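run.txt follows (compact mmCIF, C-alpha atoms and all ligand atoms):
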# COMPACT_ATOMS: atom_id res chain seq x y z
CA MET A 1 -1.80 16.17 -1.89
CA LEU A 2 1.75 14.89 -2.10
CA GLY A 3 2.90 12.14 -4.44
CA GLY A 4 2.66 11.29 -8.11
CA GLY A 5 1.68 7.66 -8.66
CA GLY A 6 -1.52 5.75 -9.31
CA ARG A 7 -2.42 5.80 -5.63
CA GLU A 8 -2.17 9.58 -5.64
CA HIS A 9 -4.21 9.89 -8.83
CA ALA A 10 -6.98 7.90 -7.16
CA LEU A 11 -6.77 10.09 -4.04
CA ALA A 12 -6.79 13.30 -6.08
CA TRP A 13 -9.73 12.07 -8.17
CA LYS A 14 -11.76 11.37 -5.03
CA LEU A 15 -10.62 14.53 -3.23
CA ALA A 16 -11.66 16.57 -6.27
CA GLN A 17 -15.20 15.18 -5.88
CA SER A 18 -15.40 16.21 -2.22
CA PRO A 19 -18.16 18.77 -1.63
CA SER A 20 -16.05 20.37 1.14
CA LEU A 21 -13.05 20.95 -1.15
CA THR A 22 -12.30 24.47 -2.34
CA GLN A 23 -9.02 23.96 -4.17
CA LEU A 24 -6.68 21.03 -4.69
CA PHE A 25 -2.94 21.25 -5.35
CA ALA A 26 -0.75 18.24 -6.05
CA ALA A 27 3.02 17.93 -5.87
CA PRO A 28 4.59 16.61 -7.95
CA GLY A 29 1.47 14.96 -9.43
CA ASN A 30 1.32 13.44 -12.92
CA PRO A 31 -0.60 14.04 -16.17
CA GLY A 32 -3.67 12.17 -14.83
CA ILE A 33 -3.66 14.10 -11.57
CA ALA A 34 -3.45 17.33 -13.59
CA GLU A 35 -7.10 16.74 -14.54
CA ASP A 36 -8.11 16.86 -10.87
CA ALA A 37 -5.64 19.21 -9.23
CA GLU A 38 -3.33 22.11 -9.93
CA LEU A 39 0.18 20.67 -10.19
CA VAL A 40 2.97 22.28 -8.22
CA ALA A 41 6.68 21.68 -8.76
CA LEU A 42 7.72 21.08 -5.16
CA ASP A 43 10.47 18.87 -3.81
CA ILE A 44 8.49 16.93 -1.22
CA GLY A 45 11.75 15.95 0.46
CA ASP A 46 12.29 19.64 1.28
CA HIS A 47 10.12 20.16 4.38
CA GLY A 48 10.75 23.89 4.45
CA ALA A 49 9.62 24.31 0.85
CA VAL A 50 6.42 22.32 1.47
CA ALA A 51 5.62 24.35 4.61
CA HIS A 52 6.30 27.59 2.75
CA PHE A 53 3.94 26.58 -0.05
CA CYS A 54 1.23 25.67 2.50
CA ALA A 55 1.60 29.00 4.25
CA THR A 56 1.47 31.11 1.10
CA ASN A 57 -1.51 29.20 -0.30
CA GLY A 58 -3.62 28.90 2.85
CA ILE A 59 -3.60 25.09 2.80
CA ASP A 60 -6.09 23.52 5.26
CA LEU A 61 -4.98 19.92 4.90
CA VAL A 62 -1.93 18.10 3.53
CA VAL A 63 -2.53 14.52 2.37
CA VAL A 64 0.69 12.54 2.13
CA GLY A 65 0.44 9.65 -0.35
CA PRO A 66 3.73 7.70 -0.15
CA GLU A 67 5.58 6.28 2.86
CA ALA A 68 9.03 7.81 2.35
CA PRO A 69 8.11 11.39 3.36
CA LEU A 70 6.21 10.09 6.39
CA VAL A 71 9.12 7.96 7.57
CA ASP A 72 11.24 11.05 6.92
CA GLY A 73 9.13 13.10 9.36
CA LEU A 74 7.36 15.43 6.92
CA ALA A 75 4.11 15.24 8.92
CA ASP A 76 5.95 16.39 12.07
CA SER A 77 7.56 19.31 10.25
CA LEU A 78 4.20 20.47 8.90
CA ARG A 79 2.31 19.97 12.17
CA ALA A 80 4.98 21.95 13.99
CA LYS A 81 4.01 24.86 11.72
CA GLY A 82 0.31 24.39 12.49
CA PHE A 83 -0.85 22.55 9.35
CA ALA A 84 -3.29 19.62 9.51
CA VAL A 85 -1.77 16.50 7.96
CA PHE A 86 -3.29 13.20 6.90
CA GLY A 87 -0.49 10.78 7.74
CA PRO A 88 1.42 9.61 10.80
CA SER A 89 4.33 11.20 12.64
CA GLN A 90 7.85 9.93 12.06
CA THR A 91 7.72 7.94 15.29
CA ALA A 92 4.38 6.34 14.41
CA ALA A 93 5.47 5.69 10.81
CA GLN A 94 8.03 3.26 12.22
CA LEU A 95 5.20 0.75 11.86
CA GLU A 96 6.26 0.68 8.21
CA GLY A 97 9.75 2.15 8.52
CA SER A 98 11.12 -0.57 10.80
CA LYS A 99 10.03 -4.18 10.56
CA GLY A 100 11.73 -4.89 13.89
CA PHE A 101 9.81 -2.06 15.56
CA THR A 102 6.52 -3.58 14.44
CA LYS A 103 7.52 -7.08 15.52
CA ASP A 104 8.47 -5.81 18.98
CA LEU A 105 5.18 -3.93 19.22
CA CYS A 106 3.29 -7.12 18.32
CA GLU A 107 5.13 -8.93 21.07
CA ARG A 108 4.39 -6.24 23.69
CA ALA A 109 0.73 -5.99 22.66
CA GLY A 110 0.07 -9.71 22.14
CA ILE A 111 -0.74 -9.28 18.45
CA PRO A 112 -0.72 -12.51 16.39
CA THR A 113 2.25 -12.58 13.98
CA GLY A 114 5.06 -14.95 13.03
CA ALA A 115 7.92 -15.68 15.44
CA TYR A 116 10.99 -13.54 14.71
CA VAL A 117 14.52 -12.54 15.63
CA ARG A 118 16.10 -9.10 15.05
CA THR A 119 19.74 -9.29 14.01
CA THR A 120 22.39 -6.62 13.51
CA SER A 121 25.31 -8.62 12.10
CA LEU A 122 25.81 -11.40 9.59
CA GLN A 123 27.24 -13.63 12.29
CA GLU A 124 24.26 -13.14 14.55
CA ALA A 125 21.85 -13.66 11.63
CA ASP A 126 23.57 -16.88 10.50
CA ARG A 127 23.28 -18.26 14.01
CA ALA A 128 19.61 -17.24 14.31
CA LEU A 129 18.77 -18.80 10.94
CA HIS A 130 19.26 -22.27 12.40
CA ARG A 131 16.37 -21.72 14.81
CA PHE A 132 14.00 -21.52 11.83
CA SER A 133 13.03 -24.01 9.13
CA ALA A 134 12.50 -23.60 5.37
CA PRO A 135 11.21 -21.52 3.75
CA TYR A 136 13.27 -18.78 5.40
CA VAL A 137 11.84 -15.27 5.53
CA LEU A 138 14.46 -12.50 5.70
CA LYS A 139 13.62 -8.81 5.79
CA ALA A 140 15.78 -5.71 5.67
CA ASP A 141 14.55 -3.70 8.64
CA GLY A 142 14.09 -0.34 6.90
CA LEU A 143 12.33 0.97 3.79
CA ALA A 144 13.62 -0.79 0.68
CA ALA A 145 11.04 0.24 -1.92
CA GLY A 146 9.23 -3.08 -1.51
CA LYS A 147 12.34 -5.09 -2.40
CA GLY A 148 13.68 -5.83 1.08
CA VAL A 149 11.97 -9.20 1.60
CA VAL A 150 13.61 -12.47 0.59
CA ILE A 151 11.92 -15.85 0.91
CA ALA A 152 14.55 -18.58 0.56
CA GLU A 153 13.69 -22.25 0.06
CA ALA A 154 17.12 -23.53 1.15
CA ILE A 155 19.41 -22.46 3.96
CA GLU A 156 22.33 -21.88 1.53
CA GLN A 157 20.17 -19.41 -0.39
CA ALA A 158 19.18 -17.72 2.86
CA GLU A 159 22.82 -17.36 3.87
CA ILE A 160 23.68 -15.72 0.55
CA ALA A 161 20.74 -13.32 0.91
CA LEU A 162 21.84 -12.41 4.43
CA ALA A 163 25.37 -11.74 3.23
CA ASP A 164 23.97 -9.46 0.50
CA MET A 165 21.79 -7.59 2.98
CA PHE A 166 24.56 -7.03 5.50
CA GLY A 167 26.87 -6.32 2.56
CA GLY A 168 24.87 -3.19 1.79
CA GLN A 169 22.43 -4.35 -0.91
CA PHE A 170 19.71 -2.18 0.63
CA GLY A 171 22.02 0.41 2.16
CA GLU A 172 21.06 1.58 5.63
CA ALA A 173 17.73 -0.29 5.43
CA GLY A 174 19.68 -3.56 5.67
CA ALA A 175 21.88 -2.64 8.63
CA GLU A 176 19.41 -4.70 10.65
CA VAL A 177 17.67 -7.83 9.36
CA VAL A 178 14.59 -9.53 10.77
CA ILE A 179 14.36 -13.29 10.35
CA GLU A 180 10.86 -14.61 10.77
CA GLU A 181 8.65 -17.63 10.69
CA TYR A 182 7.06 -18.44 7.33
CA LEU A 183 3.30 -18.07 7.54
CA GLU A 184 1.09 -20.38 5.48
CA GLY A 185 -2.22 -19.15 4.09
CA GLU A 186 -3.94 -16.66 1.80
CA GLU A 187 -2.93 -12.99 2.00
CA ALA A 188 -5.40 -10.13 2.31
CA SER A 189 -5.25 -6.47 3.22
CA PHE A 190 -7.30 -4.59 5.77
CA PHE A 191 -7.43 -0.80 5.99
CA ALA A 192 -8.44 1.43 8.88
CA LEU A 193 -8.38 5.16 9.43
CA THR A 194 -7.46 6.23 12.92
CA ASP A 195 -6.86 9.55 14.64
CA GLY A 196 -4.95 7.80 17.40
CA GLU A 197 -8.05 6.87 19.30
CA THR A 198 -11.07 6.17 17.12
CA ILE A 199 -10.74 3.33 14.61
CA LEU A 200 -12.75 3.55 11.40
CA PRO A 201 -12.60 0.38 9.26
CA PHE A 202 -11.86 1.47 5.71
CA GLY A 203 -12.24 -1.57 3.50
CA THR A 204 -10.47 -4.72 2.40
CA ALA A 205 -8.54 -5.73 -0.72
CA GLN A 206 -6.33 -8.38 -2.24
CA ASP A 207 -3.52 -7.70 -4.66
CA HIS A 208 -1.27 -9.70 -6.95
CA LYS A 209 2.39 -9.04 -6.19
CA ARG A 210 4.08 -11.35 -8.70
CA VAL A 211 4.68 -10.15 -12.22
CA GLY A 212 3.45 -13.32 -13.95
CA GLU A 213 0.05 -14.92 -14.47
CA GLY A 214 -0.77 -17.54 -11.87
CA ASP A 215 1.24 -15.49 -9.35
CA VAL A 216 4.71 -16.55 -10.52
CA GLY A 217 7.93 -14.66 -11.18
CA PRO A 218 9.55 -11.72 -9.43
CA ASN A 219 7.76 -9.56 -6.89
CA THR A 220 6.44 -6.17 -7.99
CA GLY A 221 4.69 -3.31 -6.24
CA GLY A 222 1.45 -4.99 -7.31
CA MET A 223 0.07 -5.95 -10.74
CA GLY A 224 -3.59 -5.57 -9.85
CA ALA A 225 -6.05 -5.63 -6.97
CA TYR A 226 -9.69 -5.88 -6.10
CA SER A 227 -11.90 -4.72 -3.27
CA PRO A 228 -13.64 -5.97 -1.24
CA ALA A 229 -11.79 -9.19 -0.49
CA PRO A 230 -14.53 -11.76 0.21
CA VAL A 231 -12.01 -14.01 2.03
CA LEU A 232 -12.02 -11.39 4.79
CA THR A 233 -15.50 -12.26 6.00
CA GLU A 234 -17.31 -10.05 8.52
CA ALA A 235 -16.24 -12.46 11.25
CA LEU A 236 -12.60 -12.35 10.21
CA GLN A 237 -12.68 -8.55 9.96
CA ALA A 238 -14.04 -8.37 13.50
CA ARG A 239 -11.11 -10.53 14.65
CA VAL A 240 -8.61 -8.38 12.76
CA ILE A 241 -9.95 -5.26 14.46
CA GLU A 242 -10.06 -6.84 17.93
CA GLU A 243 -6.81 -8.81 17.83
CA ILE A 244 -4.60 -6.67 15.60
CA ILE A 245 -5.78 -3.10 14.89
CA LYS A 246 -7.12 -2.18 18.34
CA PRO A 247 -4.11 -3.35 20.36
CA THR A 248 -1.84 -1.57 17.87
CA VAL A 249 -3.65 1.77 18.11
CA GLU A 250 -4.00 1.47 21.89
CA THR A 251 -0.38 0.51 22.50
CA MET A 252 0.94 3.26 20.21
CA ARG A 253 -1.16 5.81 22.08
CA ALA A 254 -0.29 4.45 25.52
CA GLU A 255 3.41 4.59 24.67
CA GLY A 256 3.28 8.21 23.58
CA MET A 257 3.38 7.70 19.80
CA PRO A 258 -0.26 7.99 18.73
CA TYR A 259 -0.85 6.84 15.16
CA SER A 260 -2.87 9.11 12.90
CA GLY A 261 -3.72 8.39 9.27
CA VAL A 262 -4.42 5.18 7.40
CA LEU A 263 -3.17 1.94 8.86
CA TYR A 264 -2.78 -0.75 6.20
CA ALA A 265 -2.44 -4.23 7.63
CA GLY A 266 -0.98 -6.96 5.41
CA LEU A 267 -2.46 -10.17 6.77
CA MET A 268 -1.94 -13.89 6.40
CA LEU A 269 -5.13 -15.85 6.91
CA THR A 270 -3.63 -18.90 8.59
CA ALA A 271 -5.27 -22.02 9.98
CA ASP A 272 -4.90 -20.37 13.41
CA GLY A 273 -6.62 -17.18 12.30
CA PRO A 274 -5.42 -13.89 10.86
CA LYS A 275 -1.81 -12.96 11.56
CA LEU A 276 -0.03 -9.71 10.81
CA ILE A 277 2.63 -9.90 8.08
CA GLU A 278 3.40 -6.21 8.05
CA TYR A 279 2.01 -2.73 8.47
CA ASN A 280 2.14 0.10 5.98
CA CYS A 281 1.61 3.69 7.05
CA ARG A 282 -0.15 4.76 3.82
CA PHE A 283 -2.66 3.39 1.34
CA GLY A 284 -1.65 0.47 -0.84
CA ASP A 285 -0.80 1.03 -4.46
CA PRO A 286 -2.88 -0.23 -6.36
CA GLU A 287 -5.21 -1.11 -3.44
CA CYS A 288 -6.06 2.58 -2.99
CA GLN A 289 -7.37 2.75 -6.55
CA VAL A 290 -10.02 0.08 -5.89
CA LEU A 291 -10.92 1.52 -2.48
CA MET A 292 -11.45 4.98 -3.99
CA MET A 293 -13.67 3.53 -6.75
CA ARG A 294 -15.97 2.22 -4.00
CA PHE A 295 -15.73 4.96 -1.38
CA GLN A 296 -18.85 7.09 -1.14
CA GLY A 297 -18.47 10.28 0.77
CA ASP A 298 -16.53 13.47 1.22
CA LEU A 299 -12.93 12.23 1.32
CA ALA A 300 -11.46 15.67 2.06
CA ALA A 301 -13.78 16.14 5.06
CA LEU A 302 -13.04 12.64 6.33
CA MET A 303 -9.27 13.05 6.04
CA LEU A 304 -9.45 16.45 7.73
CA ALA A 305 -11.45 14.95 10.60
CA CYS A 306 -8.84 12.20 10.90
CA ALA A 307 -6.01 14.73 10.92
CA LYS A 308 -7.75 16.81 13.61
CA GLY A 309 -8.52 13.89 15.92
CA GLU A 310 -12.24 14.14 15.22
CA LEU A 311 -13.06 10.73 13.77
CA ALA A 312 -15.42 9.77 16.62
CA GLY A 313 -18.97 9.30 15.34
CA ILE A 314 -18.00 9.39 11.66
CA ASP A 315 -18.87 6.54 9.29
CA ALA A 316 -17.35 5.57 5.96
CA ALA A 317 -19.63 4.16 3.28
CA PHE A 318 -18.51 2.03 0.38
CA ALA A 319 -20.42 0.78 -2.65
CA GLU A 320 -21.21 -2.91 -2.25
CA ASP A 321 -19.95 -3.51 -5.76
CA THR A 322 -16.51 -4.91 -6.43
CA ALA A 323 -13.81 -2.73 -7.94
CA LEU A 324 -10.91 -4.34 -9.80
CA THR A 325 -7.81 -2.71 -11.21
CA VAL A 326 -5.37 -4.03 -13.79
CA VAL A 327 -1.89 -2.57 -13.81
CA MET A 328 -0.48 -1.92 -17.25
CA ALA A 329 3.29 -1.85 -16.88
CA ALA A 330 6.10 -1.00 -19.26
CA LYS A 331 7.94 -4.00 -20.73
CA GLY A 332 10.93 -4.82 -18.55
CA TYR A 333 9.16 -4.11 -15.24
CA PRO A 334 10.01 -4.94 -12.45
CA GLY A 335 13.56 -4.82 -13.86
CA THR A 336 14.37 -1.90 -16.15
CA PRO A 337 11.16 -0.66 -17.76
CA GLU A 338 11.12 0.76 -21.28
CA LYS A 339 10.55 4.50 -21.09
CA GLY A 340 8.79 6.71 -23.57
CA GLY A 341 6.41 4.18 -25.14
CA ALA A 342 3.35 5.77 -26.75
CA ILE A 343 -0.01 5.46 -24.99
CA ASP A 344 -3.44 5.99 -26.49
CA LEU A 345 -6.23 5.61 -23.94
CA GLY A 346 -8.81 5.34 -26.73
CA ALA A 347 -12.32 4.73 -25.41
CA ALA A 348 -11.13 2.95 -22.24
CA GLU A 349 -13.21 5.19 -20.01
CA ALA A 350 -16.29 5.26 -22.22
CA GLU A 351 -18.06 2.42 -20.41
CA GLY A 352 -17.48 3.71 -16.90
CA ALA A 353 -13.99 2.39 -16.27
CA LYS A 354 -11.44 4.78 -14.80
CA VAL A 355 -7.83 4.88 -15.93
CA PHE A 356 -5.52 6.12 -13.20
CA HIS A 357 -2.10 7.33 -14.25
CA ALA A 358 0.76 5.71 -12.35
CA GLY A 359 3.83 6.43 -14.47
CA THR A 360 3.01 8.66 -17.41
CA ALA A 361 4.39 11.86 -18.86
CA VAL A 362 3.38 14.20 -21.67
CA ARG A 363 6.04 14.61 -24.33
CA ASP A 364 5.45 16.88 -27.33
CA GLY A 365 1.77 16.90 -26.46
CA ALA A 366 1.48 13.10 -26.43
CA LEU A 367 1.03 10.72 -23.50
CA VAL A 368 3.99 8.36 -22.97
CA ALA A 369 5.15 5.79 -20.44
CA ASN A 370 7.41 7.15 -17.73
CA GLY A 371 7.80 4.44 -15.12
CA GLY A 372 7.43 0.74 -14.33
CA ARG A 373 3.76 0.69 -13.51
CA VAL A 374 2.17 3.04 -16.04
CA LEU A 375 -1.64 2.81 -15.94
CA ASN A 376 -4.21 1.35 -13.54
CA VAL A 377 -7.31 0.42 -15.50
CA THR A 378 -10.07 0.20 -12.93
CA ALA A 379 -13.70 -0.91 -13.19
CA ILE A 380 -16.70 -1.79 -11.06
CA GLY A 381 -18.99 -4.84 -11.22
CA ALA A 382 -21.48 -6.76 -9.12
CA ASN A 383 -18.76 -9.29 -8.22
CA VAL A 384 -15.12 -9.98 -9.08
CA THR A 385 -16.02 -11.83 -12.29
CA GLU A 386 -18.01 -8.86 -13.61
CA ALA A 387 -15.52 -6.26 -12.45
CA GLN A 388 -12.74 -8.28 -14.09
CA ALA A 389 -14.62 -8.46 -17.41
CA ALA A 390 -15.26 -4.71 -17.32
CA ALA A 391 -11.65 -3.89 -16.46
CA TYR A 392 -10.22 -6.05 -19.25
CA GLY A 393 -12.78 -4.59 -21.66
CA ALA A 394 -11.25 -1.20 -20.90
CA VAL A 395 -7.69 -2.58 -21.02
CA ASP A 396 -8.40 -3.82 -24.54
CA ALA A 397 -9.39 -0.31 -25.58
CA VAL A 398 -5.97 1.06 -24.56
CA ARG A 399 -3.14 1.12 -27.11
CA PHE A 400 0.21 0.79 -25.33
CA GLU A 401 2.52 -1.34 -27.45
CA SER A 402 5.51 -1.22 -25.14
CA GLY A 403 3.33 -2.27 -22.21
CA PHE A 404 1.98 -5.49 -20.77
CA CYS A 405 -0.43 -6.60 -18.09
CA ARG A 406 -1.52 -9.80 -16.39
CA ARG A 407 -4.77 -11.21 -17.78
CA ASP A 408 -5.77 -13.02 -14.60
CA ILE A 409 -6.21 -10.35 -11.93
CA GLY A 410 -8.77 -11.64 -9.44
CA TRP A 411 -8.39 -15.29 -10.52
CA ARG A 412 -8.75 -16.78 -7.03
CA GLU A 413 -12.06 -15.08 -6.46
CA VAL A 414 -13.28 -15.70 -10.02
CA GLU A 415 -12.66 -19.42 -9.43
CA ARG A 416 -14.54 -19.31 -6.13
CA GLU A 417 -17.42 -17.38 -7.69
CA SER A 418 -17.81 -19.99 -10.47
CA SER A 419 -17.77 -23.01 -8.16
P1 LIG B 501 6.45 -7.14 1.69
O1 LIG B 501 7.38 -6.60 0.65
O2 LIG B 501 6.86 -6.84 3.08
O3 LIG B 501 5.01 -6.82 1.34
O4 LIG B 501 6.54 -8.71 1.61
C1 LIG B 501 6.48 -9.30 0.36
C2 LIG B 501 5.71 -10.56 0.43
O5 LIG B 501 6.46 -11.55 1.12
C3 LIG B 501 4.41 -10.51 1.20
O6 LIG B 501 3.38 -9.95 0.47
C4 LIG B 501 4.20 -11.99 1.45
O7 LIG B 501 3.71 -12.61 0.29
C5 LIG B 501 5.58 -12.48 1.69
N1 LIG B 501 5.86 -12.61 3.12
C6 LIG B 501 6.36 -11.68 3.95
N2 LIG B 501 6.48 -12.16 5.19
C7 LIG B 501 6.05 -13.43 5.17
C8 LIG B 501 5.93 -14.47 6.14
N3 LIG B 501 6.31 -14.30 7.41
N4 LIG B 501 5.43 -15.66 5.74
C9 LIG B 501 5.07 -15.86 4.45
N5 LIG B 501 5.16 -14.93 3.50
C10 LIG B 501 5.65 -13.73 3.84
N1 LIG B 502 0.51 -3.10 -3.26
C1 LIG B 502 1.27 -3.25 -2.09
C2 LIG B 502 1.67 -2.03 -1.40
O1 LIG B 502 1.24 -0.93 -1.71
O2 LIG B 502 2.47 -2.13 -0.46
Would you kindly transcribe this structure into structure tokens?
Ligand code: AMP
Ligand code: GLY
Amino acid sequence: MLGGGGREHALAWKLAQSPSLTQLFAAPGNPGIAEDAELVALDIGDHGAVAHFCATNGIDLVVVGPEAPLVDGLADSLRAKGFAVFGPSQTAAQLEGSKGFTKDLCERAGIPTGAYVRTTSLQEADRALHRFSAPYVLKADGLAAGKGVVIAEAIEQAEIALADMFGGQFGEAGAEVVIEEYLEGEEASFFALTDGETILPFGTAQDHKRVGEGDVGPNTGGMGAYSPAPVLTEALQARVIEEIIKPTVETMRAEGMPYSGVLYAGLMLTADGPKLIEYNCRFGDPECQVLMMRFQGDLAALMLACAKGELAGIDAAFAEDTALTVVMAAKGYPGTPEKGGAIDLGAAEAEGAKVFHAGTAVRDGALVANGGRVLNVTAIGANVTEAQAAAYGAVDAVRFESGFCRRDIGWREVERESS
């Protein structure tokens, strides 16, 4: 398993419980993952080094957690050497690696999404801007660590953002900018595993991207999440599969770039039905943590089947309970987080909660903060209200003085459940 954040801790934790698993290695991993896997110091950007490790250790399956190595073609390099990989090829990973690629695919396949224009110069972008109305949605085409999206209320603000993007703010990722229609509605995430042909629905979630309570302030990688997302009713999920996931998987296959791995659809539930905001070519972080709390089955066997194109006839079962995770971040996040703050997990896990490590390190034998998002305190309950109470009960057992968290994760659903 490759990666070292909270998403990867959740994957390693579930993989370690797989009856079919013989041995689990993780690179680079983190102190939480070390409880579930043997950590290996490997540069996952070095494809040759990863392949060499796989060959000398008889690895049957490589699970790639984050998007960057996939967009960088790591899955192709490993498959070329005969290894099974959970994660898409470089070509297929363009679904996350290029916003323009995905928009064009939606257009070819008739997938509902916002209107858009791809632009490759500031001049062209400024002209295109006038075809849209406020709020303006501007996106650097390539991977920008979740920071490449600007939503501008006024056209002057949009023009400044465009100048920054074309000025190199996001490096190569901003050499092309997509301008798109602002979609109105509630956001939700839908996950599916696919081997390029078979589609296996793999749960729903909602996250909280803004740093502040009430969903205000700067965007983050996600301050908390819960699964399932009741707003994605059975009927809506059926539409998402029919109108968005199926045409994507079919078009990718038909055009010679079959998609294999997890397909994570970021959706806007608009008055006209679900529309695609974006695709990710990996699990969400922290959405993965809540999915893994609920997943019931042999994850290693399922991922291997996916990697080998053998998903047909396989089911995925999830607990009906709700899982909710609260991100404990280091003060300063999403700006410059304080590093090195002491962490004492206390009795946080005593009542059945699970604390996934996202950005921790061990220094002189003690657990300390080593990143923006540090811990994902995750619990289960009969509904969001109960899962939220259990998660915050565990949060309150953690001592992390240089950390903070939102106290309102799940608020939308808690309000709906109490009305
Ligand atoms: P991303 O970093 O691509 O996940 O986008 C960040 C956030 O921007 C999304 O989660 C949405 O809240 C918002 N967003 C992106 N595209 C649109 C859009 N077309 N309309 C409204 N909101 C959007
Ligand atoms: N939590 C959002 C993401 O993983 O993209």
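Near ligand LIG 502 (chain B), at distances of 7 Å or less and with only C-alpha atoms and all ligand atoms counted, sit the residues Gly146, Asp207, Lys209, Gly221, Gly222, Asn280, Phe283, Gly284, Asp285, Pro286 and Glu287 of chain A.
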Report as JSON lines: every residue of chain A with an atom at most 9 Å from ligand LIG 501 (chain B), its closest pair of atoms, and their distance in Å to one decimal, counting all atoms listed in the file, with rows sorted by chain and ascending residue number.
{"residue": "A:Lys99", "atom": "CA", "partner": "B:LIG501", "partner_atom": "O2", "distance": 8.5}
{"residue": "A:Thr113", "atom": "CA", "partner": "B:LIG501", "partner_atom": "N3", "distance": 7.9}
{"residue": "A:Gly114", "atom": "CA", "partner": "B:LIG501", "partner_atom": "N3", "distance": 5.8}
{"residue": "A:Ala115", "atom": "CA", "partner": "B:LIG501", "partner_atom": "N3", "distance": 8.3}
{"residue": "A:Tyr116", "atom": "CA", "partner": "B:LIG501", "partner_atom": "N3", "distance": 8.7}
{"residue": "A:Pro135", "atom": "CA", "partner": "B:LIG501", "partner_atom": "C9", "distance": 8.4}
{"residue": "A:Tyr136", "atom": "CA", "partner": "B:LIG501", "partner_atom": "N4", "distance": 8.4}
{"residue": "A:Val137", "atom": "CA", "partner": "B:LIG501", "partner_atom": "N3", "distance": 5.9}
{"residue": "A:Leu138", "atom": "CA", "partner": "B:LIG501", "partner_atom": "N2", "distance": 8.0}
{"residue": "A:Lys139", "atom": "CA", "partner": "B:LIG501", "partner_atom": "O2", "distance": 7.5}
{"residue": "A:Ala144", "atom": "CA", "partner": "B:LIG501", "partner_atom": "O1", "distance": 8.5}
{"residue": "A:Ala145", "atom": "CA", "partner": "B:LIG501", "partner_atom": "O1", "distance": 8.2}
{"residue": "A:Gly146", "atom": "CA", "partner": "B:LIG501", "partner_atom": "O1", "distance": 4.5}
{"residue": "A:Lys147", "atom": "CA", "partner": "B:LIG501", "partner_atom": "O1", "distance": 6.0}
{"residue": "A:Gly148", "atom": "CA", "partner": "B:LIG501", "partner_atom": "O1", "distance": 6.4}
{"residue": "A:Val149", "atom": "CA", "partner": "B:LIG501", "partner_atom": "O1", "distance": 5.4}
{"residue": "A:Val150", "atom": "CA", "partner": "B:LIG501", "partner_atom": "O5", "distance": 7.2}
{"residue": "A:Ile151", "atom": "CA", "partner": "B:LIG501", "partner_atom": "O5", "distance": 7.0}
{"residue": "A:Ile179", "atom": "CA", "partner": "B:LIG501", "partner_atom": "N3", "distance": 8.6}
{"residue": "A:Glu180", "atom": "CA", "partner": "B:LIG501", "partner_atom": "N3", "distance": 5.7}
{"residue": "A:Glu181", "atom": "CA", "partner": "B:LIG501", "partner_atom": "N3", "distance": 5.2}
{"residue": "A:Tyr182", "atom": "CA", "partner": "B:LIG501", "partner_atom": "N4", "distance": 3.6}
{"residue": "A:Leu183", "atom": "CA", "partner": "B:LIG501", "partner_atom": "N4", "distance": 3.7}
{"residue": "A:Glu184", "atom": "CA", "partner": "B:LIG501", "partner_atom": "C9", "distance": 6.1}
{"residue": "A:Gly185", "atom": "CA", "partner": "B:LIG501", "partner_atom": "C9", "distance": 8.0}
{"residue": "A:Glu186", "atom": "CA", "partner": "B:LIG501", "partner_atom": "O7", "distance": 8.8}
{"residue": "A:Glu187", "atom": "CA", "partner": "B:LIG501", "partner_atom": "O7", "distance": 6.9}
{"residue": "A:Ala188", "atom": "CA", "partner": "B:LIG501", "partner_atom": "O6", "distance": 9.0}
{"residue": "A:Asp207", "atom": "CA", "partner": "B:LIG501", "partner_atom": "O6", "distance": 8.9}
{"residue": "A:His208", "atom": "CA", "partner": "B:LIG501", "partner_atom": "O6", "distance": 8.8}
{"residue": "A:Lys209", "atom": "CA", "partner": "B:LIG501", "partner_atom": "O6", "distance": 6.8}
{"residue": "A:Asn219", "atom": "CA", "partner": "B:LIG501", "partner_atom": "C1", "distance": 7.4}
{"residue": "A:Thr220", "atom": "CA", "partner": "B:LIG501", "partner_atom": "O1", "distance": 8.7}
{"residue": "A:Gly221", "atom": "CA", "partner": "B:LIG501", "partner_atom": "O1", "distance": 8.1}
{"residue": "A:Gly266", "atom": "CA", "partner": "B:LIG501", "partner_atom": "O6", "distance": 7.2}
{"residue": "A:Leu267", "atom": "CA", "partner": "B:LIG501", "partner_atom": "O6", "distance": 8.6}
{"residue": "A:Met268", "atom": "CA", "partner": "B:LIG501", "partner_atom": "C9", "distance": 7.5}
{"residue": "A:Leu276", "atom": "CA", "partner": "B:LIG501", "partner_atom": "N3", "distance": 8.5}
{"residue": "A:Ile277", "atom": "CA", "partner": "B:LIG501", "partner_atom": "N2", "distance": 5.3}
{"residue": "A:Glu278", "atom": "CA", "partner": "B:LIG501", "partner_atom": "O2", "distance": 6.1}
{"residue": "A:Tyr279", "atom": "CA", "partner": "B:LIG501", "partner_atom": "O2", "distance": 8.3}
{"residue": "A:Asn280", "atom": "CA", "partner": "B:LIG501", "partner_atom": "O3", "distance": 8.8}
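Among the candidates A:Glu176, A:Glu8, A:Asp298, A:Glu213, the one nearest to Leu21 of chain A when counting all atoms listed in the file is A:Asp298.
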**Message:** Can you tell me which residues surround Gly5 of chain A at a distance of at most 9 Å, considering only C-alpha atoms, apart from same-chain residues fewer than 5 positions away, and format the answer as number ranges by chain?
**Reply:** A: 10, 29-30, 33, 65-66, 285, 356-360, 373-374
**Item:** Nearest-residue call for Ala26 of chain A, choices A:Met1, A:Ala109, A:Ala300, A:Val414, using all atoms listed in the file
**Value:** A:Met1
